[in-house]
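Novice: Sharing a structure, written as structure tokens. Questions coming.
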Amino acid sequence: MIAANKIRALVVDDEPLARRRLRKLLSRDVEVEVIGDCANGYEAIDAINQQAPHLVFLDVQMPEVDGFAVLEKLDQDAMPFVIFVTAYDKYALKAFEVSAVDYLLKPFDKKRFEQALQRAKTRLFSEREGVNQETLALLKELKARSLCLERLLIKSGGRAFFLKTDEIDWIAAEGKYVRIHVGKESYLFREGMTVIEQQLDPRKFLRVHRSHIVNIDRVKELQPWFNHEYRVVLHDGTKLILSRSCRKKLTDLLGERL
């Protein structure tokens with residue numbers, strides 16, 4: 001636990017104006033001492049190892065070494081509490097909303113900053129070990145999200161083109177490969193089910209059966225089937241069997257209970 005001493009804060013951002021603004025906002029809080037700022041990931045790693053800050057305001061997008069890489073290079077037993085700072089919400093927003101500490105999405109106002117800082121204070125004065133484990137789990141999840149493919153290279157009919165994964169309706173196993181269904185079209189993709197499943201965003205796609213993957217946004221309803229089984233009905237009328245092992249995952253993603 002943190003004693004009556006001030007919270008030691010470090011600011012990490014490759015933009016000088018962003019660093020100055022964070023320092024100014026932090027300087028208004030009598031419970032916080034800004035011990036320094038860093039312009040890149042390498043400086044941040046050295047500063048955290050040498051100065052052991054309690055709290056780090058960490059930019060996500062930085063050249064060479066980004067915010068995720070900074071945390072990966074730190075000793076997990078000495079992991080500081082982190083408020084991520086980012087101008088991009090495409091891969092982090094939802095995850096950060098349930099994070100151990102918080103995120104600040106640029107541009108943010110004074111009120112939003114104070115909310116994030118107060119949340120960090122609450123965590124800092126609580127049991128440190130449990131909270132840090134949540135931060136590490138968040139880091140792992142966000143890194144996995146950043147590796148998800150946003151488009152696939154499709155080769156069909158003597159031509160090659162990129163297909164955005166959001167356009168996929170569902171995927172079916174076809175021998176050792178898969179067939180991707182997009183509207184009234186379908187394309188053979190020369191990867192196996194397990195490989196493509198690992199490349200798709202698990203928040204958007206779910207393997208409902210050993211032979212089928214569906215885009216969650218295309219699911220219209222779940223229909224009772226034989227022997228307490230269910231069928232997944234898509235908006236285009238496609239009906240797929242939902243295996244029992246995948247039922248809870250799907251209902252959790254849909255926000256429903258069977």
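Going by the structure tokens order, chains are called A, B, ..., each with residues numbered from 1, while ligands are numbered from 1 in the order shown.
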Residues near Leu188 (chain A), anyone? I mean within 12 Å using only C-alpha atoms, not counting same-chain ones fewer than 5 positions away, as a list in words.
Specialist: Leu152, Leu153, Ile154, Lys155, Ser156, Gly157, Ile171, Ala172, Ala173, Glu174, Gly175, Lys176, Tyr177, Val178, Arg179, Ile180, His181, Val182 and Met193 of chain A
Novice: For region 200-215 of chain A, list every protein, DNA or RNA residue within 6 Å, evaluated using only C-alpha atoms, and leave out those in the same chain fewer than 3 positions away; present the list as a PyMOL selection string.
Specialist: chain A and resi 148-149+169-173+197+218+242-243+246
Novice: Of the residues A:Leu250, A:Leu222, A:Ala9, A:Ala160, which is the one nearest to Ala52 (chain A), using only C-alpha atoms?
Specialist: A:Ala9
Novice: Could you give me, as a list of chain:residue names, each residue of region 159-215 of chain A that DSSP assigns to helix (DSSP H, G or I) when run on this structure's backbone?
Specialist: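 Reading the DSSP output for region 159-215 of chain A, helix (DSSP H, G or I) covers A:Thr165, A:Asp166, A:Glu167, A:Met193, A:Thr194, A:Val195, A:Ile196, A:Glu197, A:Gln198, A:Gln199.
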Novice: Write out, as a tab-separated table (two decimals), in the first residue's frame, the residues just selected, with C-alpha atoms.
Specialist:
```tsv
chain	number	residue	atom	x	y	z
A	165	THR	CA	-13.07	-9.09	-42.16
A	166	ASP	CA	-16.08	-7.03	-41.07
A	167	GLU	CA	-17.72	-7.95	-44.39
A	193	MET	CA	-10.33	-23.38	-39.37
A	194	THR	CA	-8.02	-23.16	-36.37
A	195	VAL	CA	-5.62	-20.80	-38.12
A	196	ILE	CA	-8.26	-18.37	-39.34
A	197	GLU	CA	-10.08	-18.50	-35.99
A	198	GLN	CA	-6.92	-17.30	-34.27
A	199	GLN	CA	-6.55	-14.43	-36.75
```
Novice: If you run DSSP on the backbone here, which positions in region 23-230 of chain A get strand (DSSP E)? Please write them as a count of residues only.
Specialist: 66
Novice: For CA of Val30 (chain A) and CA of Asp13 (chain A), quote the distance in Å rounded to one decimal.
Specialist: 22.6 Å
Novice: Would you pick out the contacts of Val233 (chain A) at 10 Å or less, using only C-alpha atoms, so that residues sharing its chain but fewer than 2 positions from it are not included, and give the list as an mmCIF file with C-alpha atoms, in the first residue's frame?
Specialist:
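So out02.cif came out as:
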```cif
data_model
loop_
_atom_site.group_PDB
_atom_site.id
_atom_site.type_symbol
_atom_site.label_atom_id
_atom_site.label_comp_id
_atom_site.auth_asym_id
_atom_site.auth_seq_id
_atom_site.Cartn_x
_atom_site.Cartn_y
_atom_site.Cartn_z
ATOM 1 C CA ARG A 218 -24.861 -11.260 -38.538
ATOM 2 C CA VAL A 219 -26.700 -13.329 -35.905
ATOM 3 C CA LYS A 220 -30.455 -12.702 -35.985
ATOM 4 C CA GLU A 221 -31.693 -15.234 -33.453
ATOM 5 C CA LEU A 222 -31.129 -18.567 -31.733
ATOM 6 C CA GLN A 223 -33.750 -21.260 -32.339
ATOM 7 C CA TYR A 230 -29.891 -24.655 -30.711
ATOM 8 C CA ARG A 231 -29.526 -23.322 -34.216
ATOM 9 C CA HIS A 235 -29.890 -12.290 -41.113
ATOM 10 C CA ASP A 236 -29.584 -13.838 -44.588
ATOM 11 C CA GLY A 237 -31.521 -16.912 -43.443
ATOM 12 C CA THR A 238 -28.523 -19.228 -43.051
ATOM 13 C CA LYS A 239 -29.030 -21.739 -40.229
ATOM 14 C CA LEU A 240 -26.083 -23.307 -38.417
ATOM 15 C CA ILE A 241 -25.923 -25.760 -35.527
ATOM 16 C CA LEU A 242 -24.671 -24.289 -32.244
#
```
